[in-house]
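Peer 1: Next comes the structure file work-v9.txt, holding compact mmCIF, C-alpha atoms.
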```
# COMPACT_ATOMS: atom_id res chain seq x y z
CA MET S 1 9.19 92.43 15.97
CA GLN S 2 6.89 92.63 12.96
CA GLN S 3 7.54 90.25 10.06
CA ASN S 4 6.84 91.02 6.45
CA LYS S 5 7.92 87.96 4.50
CA TYR S 6 5.21 88.53 1.92
CA ASP S 7 6.99 91.49 0.36
CA ASP S 8 9.88 89.19 -0.51
CA SER S 9 9.20 88.34 -4.15
CA GLY S 10 10.24 84.67 -3.91
CA PHE S 11 8.19 84.03 -0.78
CA PHE S 12 5.17 85.83 -2.20
CA GLU S 13 5.35 83.82 -5.41
CA LYS S 14 5.27 80.57 -3.43
CA TYR S 15 2.42 81.82 -1.26
CA SER S 16 0.46 82.89 -4.34
CA SER S 17 0.56 79.34 -5.70
CA MET S 18 -0.93 77.75 -2.57
CA PRO S 19 -4.42 76.24 -3.12
CA ARG S 20 -6.09 78.72 -0.74
CA SER S 21 -4.36 81.60 -2.51
CA VAL S 22 -5.67 80.44 -5.87
CA GLY S 23 -9.05 79.05 -4.90
CA GLY S 24 -9.99 81.46 -2.13
CA LEU S 25 -12.16 80.66 0.85
CA GLU S 26 -13.68 77.49 -0.57
CA ALA S 27 -10.17 76.06 -0.97
CA ALA S 28 -9.43 76.60 2.73
CA GLY S 29 -10.38 73.49 4.67
CA GLU S 30 -11.33 75.44 7.79
CA TRP S 31 -13.58 77.92 5.97
CA SER S 32 -16.93 76.18 6.47
CA THR S 33 -16.37 76.08 10.24
CA PHE S 34 -15.07 79.66 10.37
CA ARG S 35 -18.03 80.88 8.32
CA ALA S 36 -20.50 79.22 10.68
CA MET S 37 -18.95 81.10 13.62
CA LEU S 38 -19.43 84.53 12.02
CA PRO S 39 -22.36 86.69 13.09
CA ASP S 40 -24.95 88.04 10.68
CA LEU S 41 -22.95 90.61 8.72
CA ARG S 42 -25.86 92.59 7.28
CA GLY S 43 -25.36 96.28 7.92
CA LYS S 44 -22.20 95.66 9.98
CA ARG S 45 -18.96 97.61 9.98
CA VAL S 46 -16.22 95.00 9.64
CA LEU S 47 -12.48 95.03 10.32
CA ASP S 48 -10.27 92.26 8.92
CA LEU S 49 -6.86 91.95 10.59
CA GLY S 50 -4.23 90.43 8.32
CA CYS S 51 -6.56 90.59 5.33
CA GLY S 52 -4.14 89.15 2.77
CA PHE S 53 -5.80 88.94 -0.65
CA GLY S 54 -9.05 90.32 0.78
CA TRP S 55 -11.11 87.14 0.51
CA HIS S 56 -12.89 87.70 3.84
CA CYS S 57 -13.41 91.40 3.10
CA ARG S 58 -15.22 90.59 -0.13
CA TYR S 59 -17.22 87.83 1.55
CA ALA S 60 -18.42 90.32 4.18
CA ARG S 61 -19.66 92.72 1.51
CA GLU S 62 -21.27 89.89 -0.45
CA ASN S 63 -23.21 89.24 2.75
CA GLN S 64 -24.34 92.85 2.98
CA ALA S 65 -21.83 94.28 5.42
CA LYS S 66 -22.11 98.07 5.44
CA SER S 67 -18.37 98.67 5.15
CA VAL S 68 -15.10 96.76 5.47
CA ILE S 69 -11.57 97.81 6.32
CA GLY S 70 -8.82 95.27 5.67
CA VAL S 71 -5.36 95.84 7.13
CA ASP S 72 -2.15 94.06 6.25
CA LEU S 73 1.54 94.82 6.59
CA SER S 74 2.39 93.53 3.12
CA GLU S 75 2.11 95.86 0.14
CA ASN S 76 2.17 92.79 -2.14
CA MET S 77 -0.87 91.41 -0.35
CA LEU S 78 -2.73 94.70 -0.53
CA GLU S 79 -1.89 95.25 -4.18
CA ARG S 80 -3.34 91.83 -5.02
CA ALA S 81 -6.40 92.52 -2.83
CA ARG S 82 -7.06 95.83 -4.57
CA THR S 83 -6.70 94.19 -7.97
CA MET S 84 -9.29 91.57 -7.01
CA THR S 85 -11.73 94.07 -5.45
CA ASP S 86 -14.20 96.37 -7.17
CA ASP S 87 -16.17 97.79 -4.27
CA PRO S 88 -15.99 101.35 -2.90
CA HIS S 89 -17.16 100.10 0.50
CA ILE S 90 -14.00 98.02 1.01
CA GLU S 91 -10.88 99.93 2.06
CA TYR S 92 -7.42 98.38 2.34
CA ARG S 93 -4.78 99.94 4.59
CA ARG S 94 -1.12 99.07 4.99
CA LEU S 95 -0.78 98.61 8.72
CA GLY S 96 0.68 96.11 11.14
CA ILE S 97 -1.88 94.38 13.33
CA GLU S 98 0.07 95.56 16.37
CA ASP S 99 -0.30 99.17 15.21
CA ILE S 100 -4.07 99.41 14.89
CA ASP S 101 -5.53 102.45 16.65
CA PHE S 102 -9.15 102.78 15.64
CA ALA S 103 -11.77 104.83 17.43
CA ALA S 104 -13.84 103.37 20.24
CA GLY S 105 -16.87 101.55 18.88
CA GLU S 106 -15.82 101.99 15.25
CA PHE S 107 -16.67 98.40 14.23
CA ASP S 108 -19.38 95.82 14.82
CA THR S 109 -17.30 92.80 13.83
CA VAL S 110 -13.57 92.06 13.83
CA ILE S 111 -12.23 88.99 12.06
CA SER S 112 -8.76 87.57 11.63
CA SER S 113 -7.73 84.44 9.76
CA LEU S 114 -4.43 82.71 10.55
CA ALA S 115 -2.57 85.90 11.40
CA LEU S 116 -2.51 86.39 15.16
CA HIS S 117 0.09 83.67 15.81
CA TYR S 118 2.54 86.09 14.17
CA VAL S 119 1.76 88.76 16.79
CA GLU S 120 3.89 88.86 19.92
CA ASP S 121 1.51 90.49 22.42
CA PHE S 122 -1.85 88.79 22.02
CA GLU S 123 -3.50 90.38 25.05
CA ALA S 124 -2.59 93.88 23.86
CA ILE S 125 -4.31 93.17 20.55
CA CYS S 126 -7.37 91.80 22.37
CA ARG S 127 -7.63 95.04 24.34
CA LYS S 128 -7.37 97.13 21.17
CA ILE S 129 -10.01 95.03 19.45
CA HIS S 130 -12.32 95.27 22.47
CA ARG S 131 -12.00 99.07 22.41
CA CYS S 132 -12.75 99.46 18.70
CA LEU S 133 -15.81 97.20 18.85
CA ASP S 134 -19.27 98.59 19.48
CA ASP S 135 -21.31 97.18 22.36
CA LYS S 136 -21.84 93.44 21.95
CA GLY S 137 -19.61 93.43 18.88
CA SER S 138 -18.14 90.14 17.65
CA PHE S 139 -14.53 88.97 17.40
CA VAL S 140 -13.94 85.81 15.36
CA PHE S 141 -10.47 84.53 14.61
CA SER S 142 -8.41 81.49 13.71
CA VAL S 143 -4.82 80.66 14.64
CA GLU S 144 -2.58 77.66 14.39
CA HIS S 145 -3.42 75.33 17.25
CA PRO S 146 -0.95 75.32 20.17
CA ILE S 147 -0.47 71.59 19.68
CA PHE S 148 0.73 72.46 16.18
CA THR S 149 3.00 75.33 17.26
CA ALA S 150 4.49 73.76 20.40
CA LEU S 151 7.55 72.48 18.54
CA ALA S 152 9.20 74.70 15.96
CA ALA S 153 9.69 71.75 13.60
CA GLN S 154 5.93 71.44 13.12
CA ASP S 155 6.25 67.98 11.65
CA TRP S 156 5.38 64.36 12.36
CA HIS S 157 7.66 61.77 13.90
CA TYR S 158 8.42 59.18 11.21
CA ASN S 159 9.58 55.58 11.28
CA SER S 160 12.41 54.22 9.14
CA GLU S 161 9.97 53.64 6.27
CA GLY S 162 8.85 57.24 6.33
CA GLU S 163 5.43 56.52 7.85
CA LYS S 164 3.91 59.12 10.16
CA LEU S 165 3.89 57.62 13.64
CA HIS S 166 2.70 60.52 15.80
CA TRP S 167 2.75 64.29 16.20
CA PRO S 168 5.31 65.22 18.88
CA VAL S 169 4.37 67.82 21.50
CA ASP S 170 7.00 69.25 23.82
CA ASN S 171 7.67 72.49 25.72
CA TYR S 172 3.96 73.23 25.53
CA HIS S 173 4.00 75.66 28.46
CA GLN S 174 7.15 77.44 27.28
CA GLU S 175 5.62 80.49 25.62
CA VAL S 176 8.51 81.86 23.62
CA PRO S 177 8.87 82.52 19.87
CA ARG S 178 9.30 79.51 17.60
CA GLN S 179 11.33 79.81 14.41
CA ALA S 180 9.47 77.56 12.01
CA ARG S 181 9.83 76.75 8.32
CA PHE S 182 7.06 77.87 5.99
CA LEU S 183 7.38 77.81 2.20
CA ASP S 184 11.11 77.09 2.57
CA ASN S 185 11.63 80.22 4.68
CA ASP S 186 12.26 80.84 8.35
CA VAL S 187 9.30 82.54 10.01
CA VAL S 188 8.71 83.44 13.65
CA LYS S 189 5.49 82.27 15.28
CA TYR S 190 4.39 82.98 18.82
CA HIS S 191 3.33 79.86 20.66
CA ARG S 192 0.63 80.38 23.28
CA THR S 193 -1.35 77.79 25.17
CA VAL S 194 -5.09 77.52 24.78
CA ALA S 195 -5.48 78.77 28.36
CA THR S 196 -3.32 81.84 27.72
CA GLN S 197 -5.40 82.84 24.72
CA MET S 198 -8.74 82.26 26.42
CA ASN S 199 -7.66 84.11 29.57
CA ALA S 200 -6.38 87.04 27.50
CA LEU S 201 -9.79 87.34 25.86
CA ILE S 202 -11.59 87.17 29.20
CA ALA S 203 -9.23 89.70 30.81
CA SER S 204 -9.81 92.06 27.88
CA GLY S 205 -13.57 92.00 28.41
CA PHE S 206 -14.77 89.33 26.00
CA THR S 207 -17.22 86.50 26.52
CA ILE S 208 -16.20 83.39 24.58
CA THR S 209 -19.17 81.97 22.72
CA LYS S 210 -17.69 79.13 20.68
CA LEU S 211 -14.46 77.20 20.18
CA SER S 212 -13.47 74.79 17.43
CA GLU S 213 -10.39 72.60 17.13
CA LEU S 214 -11.55 71.76 13.62
CA GLN S 215 -12.19 68.05 13.69
CA PRO S 216 -12.68 67.24 9.98
CA THR S 217 -16.13 66.10 8.94
CA GLN S 218 -16.62 63.42 6.31
CA GLU S 219 -17.62 66.16 3.87
CA MET S 220 -14.34 67.97 4.55
CA LEU S 221 -12.39 64.75 4.05
CA ASP S 222 -14.19 64.06 0.79
CA SER S 223 -13.34 67.56 -0.45
CA HIS S 224 -9.80 67.66 0.95
CA PRO S 225 -8.36 64.10 1.22
CA ALA S 226 -5.09 65.47 2.63
CA TRP S 227 -7.04 66.49 5.74
CA GLN S 228 -7.16 62.85 6.85
CA GLU S 229 -4.11 63.54 9.03
CA GLU S 230 -6.00 66.37 10.75
CA VAL S 231 -8.10 63.68 12.43
CA ARG S 232 -4.94 62.72 14.34
CA ARG S 233 -4.07 66.15 15.70
CA PRO S 234 -5.63 69.63 15.51
CA MET S 235 -3.95 72.13 13.22
CA PHE S 236 -6.22 75.13 13.80
CA LEU S 237 -7.98 76.75 16.74
CA LEU S 238 -11.04 78.87 15.90
CA VAL S 239 -12.62 81.22 18.43
CA ALA S 240 -15.79 83.32 18.52
CA ALA S 241 -16.24 85.93 21.23
CA VAL S 242 -18.44 88.94 21.94
CA LYS S 243 -17.70 92.19 23.72
CA SER S 244 -19.13 91.96 27.21
```
How does the structure come out when it is put into structure tokens?

Peer 2:
Amino acid sequence: MQQNKYDDSGFFEKYSSMPRSVGGLEAAGEWSTFRAMLPDLRGKRVLDLGCGFGWHCRYARENQAKSVIGVDLSENMLERARTMTDDPHIEYRRLGIEDIDFAAGEFDTVISSLALHYVEDFEAICRKIHRCLDDKGSFVFSVEHPIFTALAAQDWHYNSEGEKLHWPVDNYHQEVPRQARFLDNDVVKYHRTVATQMNALIASGFTITKLSELQPTQEMLDSHPAWQEEVRRPMFLLVAAVKS
């Protein structure tokens, strides 16, 4: 079932005040790694799934992409994206990721940032993306790491003094929805193992070219001190693949 928490005014207000919502890509700790996994975008037709405020859409055009389509289910997200965009070669469409139905070979690059863990049928989306990519097209995406999503609580185990002892992992192979808390709201995330996601890509006709579990560099830690805890467990999984 599709979720659209972002059209709830209270939820959207909280989301809008997050550092990455205010500061854009440079405020997202994973951005430098994600950017390095993108192909050369010059002259490319790009699709952004779960485009949010359109940060990645505008980045693609700044790097000479030919055209960009950003899709999102939230009208609030799209309204903000349109307000922040002044480019006739970027088009925003209100559409659930699950509902995409583009023509075969319509795009050269498909990207998605932290959206696909909200989609129930990952392999179905992989097949749709494979179809709408031109030959040897690229698919680059990030999701919350399965170690992070395994338990719905998504929190550390603390001692009596409130110190973070370890990150608990349980029911890792139980691939059912997790009802997690995000911005003081209940949201449903779909937990999938690393193997399930990689095998879905392979079965859909992709060749995986690079993986990252986002181990913070010293530069990242200097810029984002709160990322020190990401050294202890991965929060994000980033994947680059090409159409075989």

Peer 1: Taking into account only C-alpha atoms, which residue in the set S:Gln154, S:Gln179, S:Asn76, S:Thr209 is nearest to Tyr118 (chain S)?

Peer 2: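 Selected residue with least distance to Tyr118 (chain S): S:Gln179.
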
Peer 1: Pick out the residues sitting within 12 Å of Gly29 (chain S), and hand them over as a PyMOL selection string; count all atoms listed in the file, and ignore anything fewer than 5 positions along from it in its own chain.

Peer 2: chain S and resi 19-20+23-24+34-35+214-228+230+235-236

Peer 1: Output the selection as a JSON list (two decimals), keeping the file's coordinate frame - C-alpha atoms for each residue.

Peer 2:
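Generated file (out-v3.json):
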```
[["chain", "number", "residue", "atom", "x", "y", "z"],
["S", 19, "PRO", "CA", -4.42, 76.24, -3.12],
["S", 20, "ARG", "CA", -6.09, 78.72, -0.74],
["S", 23, "GLY", "CA", -9.05, 79.05, -4.90],
["S", 24, "GLY", "CA", -9.99, 81.46, -2.13],
["S", 34, "PHE", "CA", -15.07, 79.66, 10.37],
["S", 35, "ARG", "CA", -18.03, 80.88, 8.32],
["S", 214, "LEU", "CA", -11.55, 71.76, 13.62],
["S", 215, "GLN", "CA", -12.19, 68.05, 13.69],
["S", 216, "PRO", "CA", -12.68, 67.24, 9.98],
["S", 217, "THR", "CA", -16.13, 66.10, 8.94],
["S", 218, "GLN", "CA", -16.62, 63.42, 6.31],
["S", 219, "GLU", "CA", -17.62, 66.16, 3.87],
["S", 220, "MET", "CA", -14.34, 67.97, 4.55],
["S", 221, "LEU", "CA", -12.39, 64.75, 4.05],
["S", 222, "ASP", "CA", -14.19, 64.06, 0.79],
["S", 223, "SER", "CA", -13.34, 67.56, -0.45],
["S", 224, "HIS", "CA", -9.80, 67.66, 0.95],
["S", 225, "PRO", "CA", -8.36, 64.10, 1.22],
["S", 226, "ALA", "CA", -5.09, 65.47, 2.63],
["S", 227, "TRP", "CA", -7.04, 66.49, 5.74],
["S", 228, "GLN", "CA", -7.16, 62.85, 6.85],
["S", 230, "GLU", "CA", -6.00, 66.37, 10.75],
["S", 235, "MET", "CA", -3.95, 72.13, 13.22],
["S", 236, "PHE", "CA", -6.22, 75.13, 13.80]]
```

Peer 1: Just checking: using only C-alpha atoms, which residue out of S:Glu163, S:Asp101, S:Glu175, S:Asp48 ends up closest to Glu229 (chain S)?

Peer 2: S:Glu163

Peer 1: Please list as a PyMOL selection string every residue within 10 Å of Glu144 (chain S), counting all atoms listed in the file and excluding residues in the same chain fewer than 6 positions away.

Peer 2: chain S and resi 113-118+189-192+213+234-238

Peer 1: Just C-alpha atoms for this one: save the residues we selected as a compact mmCIF listing (two decimals), in the frame of the given file.

Peer 2:
```txt
# COMPACT_ATOMS: atom_id res chain seq x y z
CA SER S 113 -7.73 84.44 9.76
CA LEU S 114 -4.43 82.71 10.55
CA ALA S 115 -2.57 85.90 11.40
CA LEU S 116 -2.51 86.39 15.16
CA HIS S 117 0.09 83.67 15.81
CA TYR S 118 2.54 86.09 14.17
CA LYS S 189 5.49 82.27 15.28
CA TYR S 190 4.39 82.98 18.82
CA HIS S 191 3.33 79.86 20.66
CA ARG S 192 0.63 80.38 23.28
CA GLU S 213 -10.39 72.60 17.13
CA PRO S 234 -5.63 69.63 15.51
CA MET S 235 -3.95 72.13 13.22
CA PHE S 236 -6.22 75.13 13.80
CA LEU S 237 -7.98 76.75 16.74
CA LEU S 238 -11.04 78.87 15.90
```

Peer 1: Choose the residue, out of S:Gly105, S:Pro168, S:Gly52, S:Gly162, that has the smallest atom-to-atom separation from Phe12 (chain S); count all atoms listed in the file.

Peer 2: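 Of S:Gly105, S:Pro168, S:Gly52, S:Gly162, the one nearest Phe12 (chain S), counting all atoms listed in the file, is S:Gly52.
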
Peer 1: Suppose you want the space between CA of Glu62 (chain S) and CA of Met77 (chain S); what is it in Å?

Peer 2: 20.5 Å

Peer 1: Here is a test: counting all atoms listed in the file, which residue of S:Ile97, S:Ala27, S:Met18, S:Ala150 is nearest to Ile125 (chain S)?

Peer 2: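 Closest candidate: S:Ile97.
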
Peer 1: Using all atoms listed in the file, find the one residue out of S:Ser17, S:Ser138, S:Gln174, S:Gln2 that sits nearest to Cys126 (chain S).

Peer 2: S:Ser138

Peer 1: Give me the residues within 8 Å of Asp108 (chain S) as a VMD selection string, counting only C-alpha atoms and dropping any in the same chain fewer than 6 places off.

Peer 2: chain S and resid 44 to 46 133 to 138

Peer 1: So which one's closest to Glu79 (chain S), S:Phe102, S:Tyr6, S:Phe141, S:Phe11? Using only C-alpha atoms, please.

Peer 2: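 The answer is S:Tyr6, which sits nearest to Glu79 (chain S).
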
Peer 1: What does the distance from CA of Leu38 (chain S) to CA of Asp121 (chain S) come to in Å, to one decimal?

Peer 2: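 About the pair CA of Leu38 (chain S) and CA of Asp121 (chain S): they are 24.1 Å apart.
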
Peer 1: Using Å and a single decimal, report how far CA of Asn4 (chain S) sits from CA of Ser67 (chain S).

Peer 2: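 Going from CA of Ser67 (chain S) over to CA of Asn4 (chain S) covers 26.4 Å.
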
Peer 1: Could you name the residues that touch Ala124 (chain S) at 12 Å or less, counting only C-alpha atoms, but leaving out those on the same chain fewer than 5 positions away, as a ChimeraX atom specification?

Peer 2: /S:97-101,116,119,129-131,197,200-201,203-204
